[in-house]
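**Student:** Sharing run-v2.cif here; it has mmCIF, C-alpha atoms and all ligand atoms.
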```cif
data_query
#
loop_
_atom_site.group_PDB
_atom_site.id
_atom_site.type_symbol
_atom_site.label_atom_id
_atom_site.label_comp_id
_atom_site.auth_asym_id
_atom_site.auth_seq_id
_atom_site.Cartn_x
_atom_site.Cartn_y
_atom_site.Cartn_z
ATOM 1 C CA MET A 30 66.479 99.374 102.332
ATOM 2 C CA LEU A 31 69.922 100.981 101.975
ATOM 3 C CA SER A 32 70.716 103.160 98.985
ATOM 4 C CA ARG A 33 73.428 102.047 96.554
ATOM 5 C CA GLU A 34 75.757 104.708 97.993
ATOM 6 C CA GLN A 35 75.209 103.487 101.577
ATOM 7 C CA GLN A 36 75.758 99.882 100.493
ATOM 8 C CA GLY A 37 78.971 100.926 98.765
ATOM 9 C CA LEU A 38 80.171 102.810 101.836
ATOM 10 C CA ASN A 39 79.376 99.852 104.122
ATOM 11 C CA TRP A 40 81.260 97.532 101.779
ATOM 12 C CA LEU A 41 84.264 99.879 101.834
ATOM 13 C CA LEU A 42 84.202 100.253 105.641
ATOM 14 C CA GLN A 43 84.119 96.459 106.064
ATOM 15 C CA TRP A 44 87.641 96.346 104.633
ATOM 16 C CA PHE A 45 88.863 98.250 107.660
ATOM 17 C CA ASP A 46 86.592 96.741 110.330
ATOM 18 C CA PRO A 47 88.844 94.889 112.803
ATOM 19 C CA ARG A 48 85.960 93.241 114.706
ATOM 20 C CA GLY A 49 85.965 89.448 114.710
ATOM 21 C CA ARG A 50 89.119 89.200 112.603
ATOM 22 C CA SER A 51 91.918 86.720 113.143
ATOM 23 C CA ILE A 52 95.489 87.986 113.374
ATOM 24 C CA GLY A 53 95.863 87.331 109.617
ATOM 25 C CA GLY A 54 92.842 89.558 108.940
ATOM 26 C CA LEU A 55 94.283 92.297 111.139
ATOM 27 C CA ALA A 56 97.601 92.015 109.279
ATOM 28 C CA PHE A 57 95.679 92.453 106.011
ATOM 29 C CA ILE A 58 93.951 95.620 107.296
ATOM 30 C CA LEU A 59 97.279 96.995 108.499
ATOM 31 C CA ASN A 60 98.862 96.206 105.138
ATOM 32 C CA ARG A 61 96.053 97.972 103.271
ATOM 33 C CA ILE A 62 96.039 101.071 105.512
ATOM 34 C CA THR A 63 99.825 101.444 105.285
ATOM 35 C CA ALA A 64 99.692 100.842 101.507
ATOM 36 C CA LEU A 65 97.114 103.612 101.061
ATOM 37 C CA GLY A 66 99.196 105.885 103.323
ATOM 38 C CA LEU A 67 102.288 105.249 101.201
ATOM 39 C CA VAL A 68 100.385 105.973 97.982
ATOM 40 C CA LEU A 69 99.079 109.219 99.527
ATOM 41 C CA TYR A 70 102.637 110.130 100.525
ATOM 42 C CA LEU A 71 103.895 109.416 97.002
ATOM 43 C CA TYR A 72 101.412 111.917 95.551
ATOM 44 C CA LEU A 73 102.145 114.517 98.244
ATOM 45 C CA HIS A 74 105.849 114.069 97.603
ATOM 46 C CA LEU A 75 105.447 114.669 93.861
ATOM 47 C CA TYR A 76 103.082 117.588 94.497
ATOM 48 C CA TYR A 77 105.631 119.399 96.675
ATOM 49 C CA LEU A 78 108.573 118.455 94.454
ATOM 50 C CA ARG A 79 106.967 120.475 91.642
ATOM 51 C CA GLN A 80 108.299 123.559 93.447
ATOM 52 C CA LEU A 81 111.737 122.570 92.139
ATOM 53 C CA THR A 82 110.573 123.861 88.767
ATOM 54 C CA MET A 83 109.781 127.286 90.263
ATOM 55 C CA GLY A 84 113.342 128.298 91.008
ATOM 56 C CA PRO A 85 115.738 128.188 93.967
ATOM 57 C CA GLN A 86 113.956 130.916 95.962
ATOM 58 C CA VAL A 87 110.655 129.055 96.030
ATOM 59 C CA TRP A 88 112.382 125.779 96.871
ATOM 60 C CA ASN A 89 114.551 127.290 99.632
ATOM 61 C CA ALA A 90 111.513 128.992 101.180
ATOM 62 C CA PHE A 91 109.690 125.652 101.185
ATOM 63 C CA ILE A 92 112.654 123.843 102.798
ATOM 64 C CA ASP A 93 112.908 126.591 105.469
ATOM 65 C CA SER A 94 109.229 126.314 106.327
ATOM 66 C CA ALA A 95 109.426 122.488 106.340
ATOM 67 C CA GLU A 96 112.400 122.513 108.704
ATOM 68 C CA ASN A 97 110.553 124.797 111.123
ATOM 69 C CA SER A 98 107.332 122.797 111.126
ATOM 70 C CA PRO A 99 106.871 119.995 113.680
ATOM 71 C CA TRP A 100 104.132 118.515 111.456
ATOM 72 C CA ILE A 101 106.621 117.639 108.736
ATOM 73 C CA GLY A 102 108.670 115.616 111.250
ATOM 74 C CA ILE A 103 105.567 113.819 112.519
ATOM 75 C CA GLY A 104 104.510 113.127 108.902
ATOM 76 C CA GLU A 105 107.980 111.753 108.131
ATOM 77 C CA LEU A 106 107.731 109.402 111.100
ATOM 78 C CA PHE A 107 104.357 108.172 109.782
ATOM 79 C CA VAL A 108 105.960 107.495 106.385
ATOM 80 C CA ILE A 109 108.791 105.568 108.074
ATOM 81 C CA ALA A 110 106.253 103.631 110.181
ATOM 82 C CA GLY A 111 104.106 102.851 107.117
ATOM 83 C CA GLY A 112 107.142 101.808 105.070
ATOM 84 C CA LEU A 113 108.522 99.527 107.782
ATOM 85 C CA ILE A 114 105.191 97.900 108.665
ATOM 86 C CA HIS A 115 104.091 97.489 105.029
ATOM 87 C CA GLY A 116 107.516 96.482 103.717
ATOM 88 C CA LEU A 117 108.274 93.881 106.403
ATOM 89 C CA ASN A 118 104.745 92.471 106.304
ATOM 90 C CA GLY A 119 105.019 92.472 102.498
ATOM 91 C CA LEU A 120 108.150 90.315 102.748
ATOM 92 C CA ARG A 121 106.184 87.801 104.846
ATOM 93 C CA ILE A 122 103.365 87.751 102.270
ATOM 94 C CA ALA A 123 105.885 87.320 99.439
ATOM 95 C CA LEU A 124 107.630 84.432 101.257
ATOM 96 C CA ASN A 125 104.303 82.763 102.019
ATOM 97 C CA SER A 126 103.241 83.228 98.375
ATOM 98 C CA PHE A 127 106.252 81.099 97.400
ATOM 99 C CA ASN A 128 105.092 78.496 99.935
ATOM 100 C CA ILE A 129 107.923 79.388 102.306
ATOM 101 C CA ALA A 130 107.291 79.370 106.108
ATOM 102 C CA VAL A 131 103.511 79.124 105.667
ATOM 103 C CA PRO A 132 102.987 77.164 108.949
ATOM 104 C CA TYR A 133 104.888 79.938 110.788
ATOM 105 C CA GLN A 134 103.146 82.912 109.208
ATOM 106 C CA LYS A 135 101.675 84.120 112.520
ATOM 107 C CA GLN A 136 105.016 83.938 114.323
ATOM 108 C CA LEU A 137 106.613 85.641 111.333
ATOM 109 C CA PHE A 138 104.032 88.418 111.499
ATOM 110 C CA TYR A 139 104.594 88.963 115.239
ATOM 111 C CA GLY A 140 108.378 88.921 114.787
ATOM 112 C CA LEU A 141 108.419 91.293 111.813
ATOM 113 C CA PHE A 142 105.864 93.613 113.422
ATOM 114 C CA THR A 143 108.047 93.785 116.553
ATOM 115 C CA LEU A 144 111.025 94.546 114.312
ATOM 116 C CA ALA A 145 108.999 97.341 112.672
ATOM 117 C CA LEU A 146 108.110 98.791 116.108
ATOM 118 C CA ILE A 147 111.774 98.715 117.151
ATOM 119 C CA GLY A 148 112.694 100.476 113.891
ATOM 120 C CA ILE A 149 109.988 103.125 114.408
ATOM 121 C CA ALA A 150 111.180 103.715 118.002
ATOM 122 C CA PHE A 151 114.780 104.021 116.743
ATOM 123 C CA PHE A 152 113.822 106.679 114.197
ATOM 124 C CA ALA A 153 111.547 108.488 116.687
ATOM 125 C CA VAL A 154 114.393 108.767 119.202
ATOM 126 C CA HIS A 155 116.834 109.997 116.558
ATOM 127 C CA MET A 156 114.361 112.489 115.102
ATOM 128 C CA PHE A 157 112.802 113.881 118.278
ATOM 129 C CA GLY A 158 115.131 112.756 121.094
ATOM 130 C CA ALA A 159 117.172 115.315 123.010
HETATM 131 C C1 LIG B 1 109.602 97.099 100.794
HETATM 132 C C2 LIG B 1 108.695 97.488 99.923
HETATM 133 C C3 LIG B 1 107.357 96.808 99.710
HETATM 134 C C4 LIG B 1 107.004 95.490 99.787
HETATM 135 C C5 LIG B 1 107.894 94.302 100.133
HETATM 136 C C6 LIG B 1 105.574 95.416 99.444
HETATM 137 C C7 LIG B 1 104.831 94.254 99.383
HETATM 138 C C8 LIG B 1 103.495 94.177 99.110
HETATM 139 C C9 LIG B 1 102.716 92.954 98.979
HETATM 140 C C10 LIG B 1 103.278 91.540 99.111
HETATM 141 C C11 LIG B 1 101.445 93.301 98.718
HETATM 142 C C12 LIG B 1 100.267 92.359 98.463
HETATM 143 C C13 LIG B 1 99.463 92.162 99.731
HETATM 144 C C14 LIG B 1 98.416 91.066 99.601
HETATM 145 O O1 LIG B 1 98.436 90.297 98.626
HETATM 146 O O2 LIG B 1 97.571 90.945 100.517
HETATM 147 C C15 LIG B 1 101.387 94.737 98.659
HETATM 148 C C16 LIG B 1 100.253 95.468 98.406
HETATM 149 C C17 LIG B 1 100.229 96.810 98.157
HETATM 150 N N1 LIG B 1 101.307 97.676 98.225
HETATM 151 FE FE1 LIG B 1 103.183 97.182 98.763
HETATM 152 N N2 LIG B 1 105.124 96.667 99.190
HETATM 153 C C18 LIG B 1 106.168 97.561 99.328
HETATM 154 C C19 LIG B 1 106.144 98.925 99.155
HETATM 155 C C20 LIG B 1 105.035 99.637 98.747
HETATM 156 C C21 LIG B 1 105.017 101.078 98.481
HETATM 157 C C22 LIG B 1 106.242 101.998 98.587
HETATM 158 C C23 LIG B 1 103.743 101.388 98.121
HETATM 159 C C24 LIG B 1 103.140 102.717 97.744
HETATM 160 C C25 LIG B 1 103.772 103.715 97.220
HETATM 161 C C26 LIG B 1 102.954 100.169 98.159
HETATM 162 C C27 LIG B 1 101.626 100.089 97.840
HETATM 163 C C28 LIG B 1 100.877 98.935 97.886
HETATM 164 C C29 LIG B 1 99.452 98.883 97.581
HETATM 165 C C30 LIG B 1 98.574 100.058 97.177
HETATM 166 C C31 LIG B 1 99.054 97.552 97.775
HETATM 167 C C32 LIG B 1 97.650 96.984 97.607
HETATM 168 C C33 LIG B 1 97.034 96.906 99.022
HETATM 169 C C34 LIG B 1 95.682 96.234 99.060
HETATM 170 O O3 LIG B 1 95.119 95.893 98.031
HETATM 171 O O4 LIG B 1 95.182 96.050 100.182
HETATM 172 N N3 LIG B 1 103.765 99.128 98.539
HETATM 173 N N4 LIG B 1 102.640 95.245 98.897
#
```
Take the structure in the file and write it out as structure tokens.
**Tutor:**
Amino acid sequence: MLSREQQGLNWLLQWFDPRGRSIGGLAFILNRITALGLVLYLYLHLYYLRQLTMGPQVWNAFIDSAENSPWIGIGELFVIAGGLIHGLNGLRIALNSFNIAVPYQKQLFYGLFTLALIGIAFFAVHMFGA
């Protein structure tokens, strides 16, 4: 017999379990993961922006350290990836919610996901390319 906590954890993990899912289910997982990532970014963004209230020296020191850190660039690319994947997939969901292109929702997902990958590659090349 599982404890309530273990049952809760299993229930939560099922949201993200890709096994046995159709492409629509995978799209849902992707949408949820990117949504949570964007919410996390929003809070991080506000947390670091608070340094604006601490004066120009604090802010300039933060900008200098951010510009010299490769992790910030990688994080920015993740935000771009999350925004593109979530936003484009969100457009598909919104269209389908208005009963538009419902029979083509899989093709729409593949097309928009490909578009997102092209966009991510474009930004990656511009941010990290020689
Ligand atoms: C182009 C911009 C965006 C579009 C078109 C969009 C669209 C959508 C749609 C249609 C859903 C509902 C998905 C469903 O019913 O299965 C959704 C869910 C959600 N979105 Fe967005 N979204 C956008 C940007 C954002 C941003 C910037 C954030 C966070 C800061 C965000 C956070 C969320 C969250 C937390 C959910 C709930 C996810 C879930 O319950 O699995 N979205 N979005």
**Student:** Using the chain letters and numbering of this document, enumerate as an MDAnalysis selection string the residues selected by the PyMOL selection byres (((chain A and resi 108) around 12) and not hetatm).
**Tutor:** chainID A and resid 62:71 73:74 101:107 109:116 149 152:153
**Student:** For the atom pair atom C3 of ligand LIG 1 (chain B) and atom CA of Leu144 of chain A, what is the interatomic distance in Å to one decimal place?
**Tutor:**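 Result for atom C3 of ligand LIG 1 (chain B) versus atom CA of Leu144 of chain A: 15.2 Å, one decimal.
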**Student:** Near Leu41 of chain A, within 12 Å and counting all atoms listed in the file, which residues show up once chain neighbours fewer than 6 positions away are dropped, as a PDB file with C-alpha atoms, keeping the file's coordinate frame?
**Tutor:**
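Saved the output as out.pdb:
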```pdb
ATOM      1  CA  GLU A  34      75.757 104.708  97.993  1.00  0.00           C
ATOM      2  CA  GLN A  35      75.209 103.487 101.577  1.00  0.00           C
ATOM      3  CA  ILE A  58      93.951  95.620 107.296  1.00  0.00           C
TER       4      ILE A  58
END
```
**Student:** Check the smallest atom-to-atom distance from each of A:Ser94, A:Gln36, A:Ser126, A:Ser51 to ligand LIG 1 (chain B) using all atoms listed in the file, then report the winner.
**Tutor:**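 Using all atoms listed in the file, ligand LIG 1 (chain B) sits closest to A:Ser126.
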**Student:** Step by step, gather every atom of ligand LIG 1 (chain B) that the file lists, find the box along x, y and z that holds them, add 5 Å on each side, and finally give centre and edge lengths in Å to one decimal, as JSON.
**Tutor:**
```
{"center_x": 102.4, "center_y": 97.0, "center_z": 99.0, "size_x": 24.5, "size_y": 23.4, "size_z": 13.6}
```
**Student:** Using all atoms listed in the file, pick whichever of A:Gly53, A:Pro99, A:Gly158, A:Gly84 has the shortest atom-to-atom distance to Phe138 of chain A.
**Tutor:**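 Selected residue with least distance to Phe138 of chain A: A:Gly53.
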**Student:** Expressed in Å to a single decimal, how great is the separation between atom C13 of ligand LIG 1 (chain B) and atom CA of Phe57 of chain A?
**Tutor:**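 These atoms are spaced 7.3 Å apart.
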**Student:** Counting all atoms listed in the file, which residue out of A:Pro132, A:Gly148, A:Gly54, A:Gly119 sits closest to ligand LIG 1 (chain B)?
**Tutor:**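 Checking each of A:Pro132, A:Gly148, A:Gly54, A:Gly119 against ligand LIG 1 (chain B), counting all atoms listed in the file, the winner is A:Gly119.
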**Student:** Which one of A:Val87, A:Leu124, A:Leu146, A:Leu78 sits closest to ligand LIG 1 (chain B) if you count all atoms listed in the file?
**Tutor:**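 Using all atoms listed in the file, ligand LIG 1 (chain B) sits closest to A:Leu124.
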**Student:** Looking at A:Leu120, A:Val131, A:Met156, A:Leu31, which one is nearest to ligand LIG 1 (chain B), with distances taken over only C-alpha atoms and all ligand atoms?
**Tutor:**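 Among the listed residues, A:Leu120 lies closest to ligand LIG 1 (chain B).
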**Student:** Using only C-alpha atoms and all ligand atoms, which of the listed residues (A:Arg50, A:Arg33, A:Arg121, A:Arg79) sits closest to ligand LIG 1 (chain B)?
**Tutor:**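 Checking each candidate against ligand LIG 1 (chain B), we get A:Arg121 as the closest.
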**Student:** Complete the atoms of segment 108-142 of chain A to N, CA and C atoms and put them out as a PDB file, in the coordinates of the input.
**Tutor:**
```pdb
ATOM      1  N   VAL A 108     105.509 108.139 107.631  1.00  0.00           N
ATOM      2  CA  VAL A 108     105.960 107.495 106.385  1.00  0.00           C
ATOM      3  C   VAL A 108     106.927 106.348 106.714  1.00  0.00           C
ATOM      4  N   ILE A 109     107.839 106.608 107.666  1.00  0.00           N
ATOM      5  CA  ILE A 109     108.791 105.568 108.074  1.00  0.00           C
ATOM      6  C   ILE A 109     108.024 104.384 108.674  1.00  0.00           C
ATOM      7  N   ALA A 110     107.044 104.697 109.547  1.00  0.00           N
ATOM      8  CA  ALA A 110     106.253 103.631 110.181  1.00  0.00           C
ATOM      9  C   ALA A 110     105.509 102.822 109.108  1.00  0.00           C
ATOM     10  N   GLY A 111     104.861 103.535 108.176  1.00  0.00           N
ATOM     11  CA  GLY A 111     104.106 102.851 107.117  1.00  0.00           C
ATOM     12  C   GLY A 111     105.027 101.991 106.260  1.00  0.00           C
ATOM     13  N   GLY A 112     106.188 102.549 105.914  1.00  0.00           N
ATOM     14  CA  GLY A 112     107.142 101.808 105.070  1.00  0.00           C
ATOM     15  C   GLY A 112     107.645 100.556 105.770  1.00  0.00           C
ATOM     16  N   LEU A 113     107.992 100.693 107.047  1.00  0.00           N
ATOM     17  CA  LEU A 113     108.522  99.527 107.782  1.00  0.00           C
ATOM     18  C   LEU A 113     107.450  98.456 107.964  1.00  0.00           C
ATOM     19  N   ILE A 114     106.260  98.880 108.404  1.00  0.00           N
ATOM     20  CA  ILE A 114     105.191  97.900 108.665  1.00  0.00           C
ATOM     21  C   ILE A 114     104.780  97.223 107.353  1.00  0.00           C
ATOM     22  N   HIS A 115     104.539  98.044 106.314  1.00  0.00           N
ATOM     23  CA  HIS A 115     104.091  97.489 105.029  1.00  0.00           C
ATOM     24  C   HIS A 115     105.193  96.644 104.373  1.00  0.00           C
ATOM     25  N   GLY A 116     106.413  97.184 104.390  1.00  0.00           N
ATOM     26  CA  GLY A 116     107.516  96.482 103.717  1.00  0.00           C
ATOM     27  C   GLY A 116     107.822  95.143 104.370  1.00  0.00           C
ATOM     28  N   LEU A 117     107.945  95.141 105.723  1.00  0.00           N
ATOM     29  CA  LEU A 117     108.274  93.881 106.403  1.00  0.00           C
ATOM     30  C   LEU A 117     107.122  92.887 106.293  1.00  0.00           C
ATOM     31  N   ASN A 118     105.894  93.363 106.469  1.00  0.00           N
ATOM     32  CA  ASN A 118     104.745  92.471 106.304  1.00  0.00           C
ATOM     33  C   ASN A 118     104.658  91.974 104.854  1.00  0.00           C
ATOM     34  N   GLY A 119     105.020  92.855 103.911  1.00  0.00           N
ATOM     35  CA  GLY A 119     105.019  92.472 102.498  1.00  0.00           C
ATOM     36  C   GLY A 119     106.014  91.353 102.222  1.00  0.00           C
ATOM     37  N   LEU A 120     107.168  91.398 102.910  1.00  0.00           N
ATOM     38  CA  LEU A 120     108.150  90.315 102.748  1.00  0.00           C
ATOM     39  C   LEU A 120     107.559  88.986 103.208  1.00  0.00           C
ATOM     40  N   ARG A 121     106.832  89.019 104.335  1.00  0.00           N
ATOM     41  CA  ARG A 121     106.184  87.801 104.846  1.00  0.00           C
ATOM     42  C   ARG A 121     105.182  87.263 103.810  1.00  0.00           C
ATOM     43  N   ILE A 122     104.369  88.183 103.251  1.00  0.00           N
ATOM     44  CA  ILE A 122     103.365  87.751 102.270  1.00  0.00           C
ATOM     45  C   ILE A 122     104.061  87.156 101.041  1.00  0.00           C
ATOM     46  N   ALA A 123     105.159  87.815 100.621  1.00  0.00           N
ATOM     47  CA  ALA A 123     105.885  87.320  99.439  1.00  0.00           C
ATOM     48  C   ALA A 123     106.456  85.929  99.720  1.00  0.00           C
ATOM     49  N   LEU A 124     107.073  85.755 100.898  1.00  0.00           N
ATOM     50  CA  LEU A 124     107.630  84.432 101.257  1.00  0.00           C
ATOM     51  C   LEU A 124     106.527  83.375 101.258  1.00  0.00           C
ATOM     52  N   ASN A 125     105.423  83.715 101.934  1.00  0.00           N
ATOM     53  CA  ASN A 125     104.303  82.763 102.019  1.00  0.00           C
ATOM     54  C   ASN A 125     103.736  82.449 100.630  1.00  0.00           C
ATOM     55  N   SER A 126     103.758  83.455  99.730  1.00  0.00           N
ATOM     56  CA  SER A 126     103.241  83.228  98.375  1.00  0.00           C
ATOM     57  C   SER A 126     104.084  82.201  97.632  1.00  0.00           C
ATOM     58  N   PHE A 127     105.377  82.115  98.001  1.00  0.00           N
ATOM     59  CA  PHE A 127     106.252  81.099  97.400  1.00  0.00           C
ATOM     60  C   PHE A 127     106.249  79.818  98.228  1.00  0.00           C
ATOM     61  N   ASN A 128     105.257  79.690  99.101  1.00  0.00           N
ATOM     62  CA  ASN A 128     105.092  78.496  99.935  1.00  0.00           C
ATOM     63  C   ASN A 128     106.219  78.318 100.949  1.00  0.00           C
ATOM     64  N   ILE A 129     106.831  79.441 101.328  1.00  0.00           N
ATOM     65  CA  ILE A 129     107.923  79.388 102.306  1.00  0.00           C
ATOM     66  C   ILE A 129     107.378  79.831 103.663  1.00  0.00           C
ATOM     67  N   ALA A 130     107.632  79.038 104.707  1.00  0.00           N
ATOM     68  CA  ALA A 130     107.291  79.370 106.108  1.00  0.00           C
ATOM     69  C   ALA A 130     105.799  79.572 106.331  1.00  0.00           C
ATOM     70  N   VAL A 131     104.963  78.944 105.507  1.00  0.00           N
ATOM     71  CA  VAL A 131     103.511  79.124 105.667  1.00  0.00           C
ATOM     72  C   VAL A 131     103.015  78.693 107.061  1.00  0.00           C
ATOM     73  N   PRO A 132     103.480  77.552 107.619  1.00  0.00           N
ATOM     74  CA  PRO A 132     102.987  77.164 108.949  1.00  0.00           C
ATOM     75  C   PRO A 132     103.388  78.161 110.049  1.00  0.00           C
ATOM     76  N   TYR A 133     104.397  78.981 109.772  1.00  0.00           N
ATOM     77  CA  TYR A 133     104.888  79.938 110.788  1.00  0.00           C
ATOM     78  C   TYR A 133     104.481  81.367 110.473  1.00  0.00           C
ATOM     79  N   GLN A 134     103.448  81.543 109.646  1.00  0.00           N
ATOM     80  CA  GLN A 134     103.146  82.912 109.208  1.00  0.00           C
ATOM     81  C   GLN A 134     102.729  83.828 110.357  1.00  0.00           C
ATOM     82  N   LYS A 135     102.060  83.262 111.388  1.00  0.00           N
ATOM     83  CA  LYS A 135     101.675  84.120 112.520  1.00  0.00           C
ATOM     84  C   LYS A 135     102.912  84.568 113.301  1.00  0.00           C
ATOM     85  N   GLN A 136     103.786  83.596 113.603  1.00  0.00           N
ATOM     86  CA  GLN A 136     105.016  83.938 114.323  1.00  0.00           C
ATOM     87  C   GLN A 136     105.837  84.949 113.528  1.00  0.00           C
ATOM     88  N   LEU A 137     105.871  84.723 112.206  1.00  0.00           N
ATOM     89  CA  LEU A 137     106.613  85.641 111.333  1.00  0.00           C
ATOM     90  C   LEU A 137     106.014  87.042 111.407  1.00  0.00           C
ATOM     91  N   PHE A 138     104.681  87.109 111.418  1.00  0.00           N
ATOM     92  CA  PHE A 138     104.032  88.418 111.499  1.00  0.00           C
ATOM     93  C   PHE A 138     104.398  89.112 112.818  1.00  0.00           C
ATOM     94  N   TYR A 139     104.270  88.357 113.942  1.00  0.00           N
ATOM     95  CA  TYR A 139     104.594  88.963 115.239  1.00  0.00           C
ATOM     96  C   TYR A 139     106.047  89.438 115.267  1.00  0.00           C
ATOM     97  N   GLY A 140     106.946  88.584 114.765  1.00  0.00           N
ATOM     98  CA  GLY A 140     108.378  88.921 114.787  1.00  0.00           C
ATOM     99  C   GLY A 140     108.666  90.155 113.945  1.00  0.00           C
ATOM    100  N   LEU A 141     108.131  90.173 112.717  1.00  0.00           N
ATOM    101  CA  LEU A 141     108.419  91.293 111.813  1.00  0.00           C
ATOM    102  C   LEU A 141     107.743  92.580 112.283  1.00  0.00           C
ATOM    103  N   PHE A 142     106.549  92.424 112.897  1.00  0.00           N
ATOM    104  CA  PHE A 142     105.864  93.613 113.422  1.00  0.00           C
ATOM    105  C   PHE A 142     106.667  94.201 114.592  1.00  0.00           C
TER     106      PHE A 142
END
```
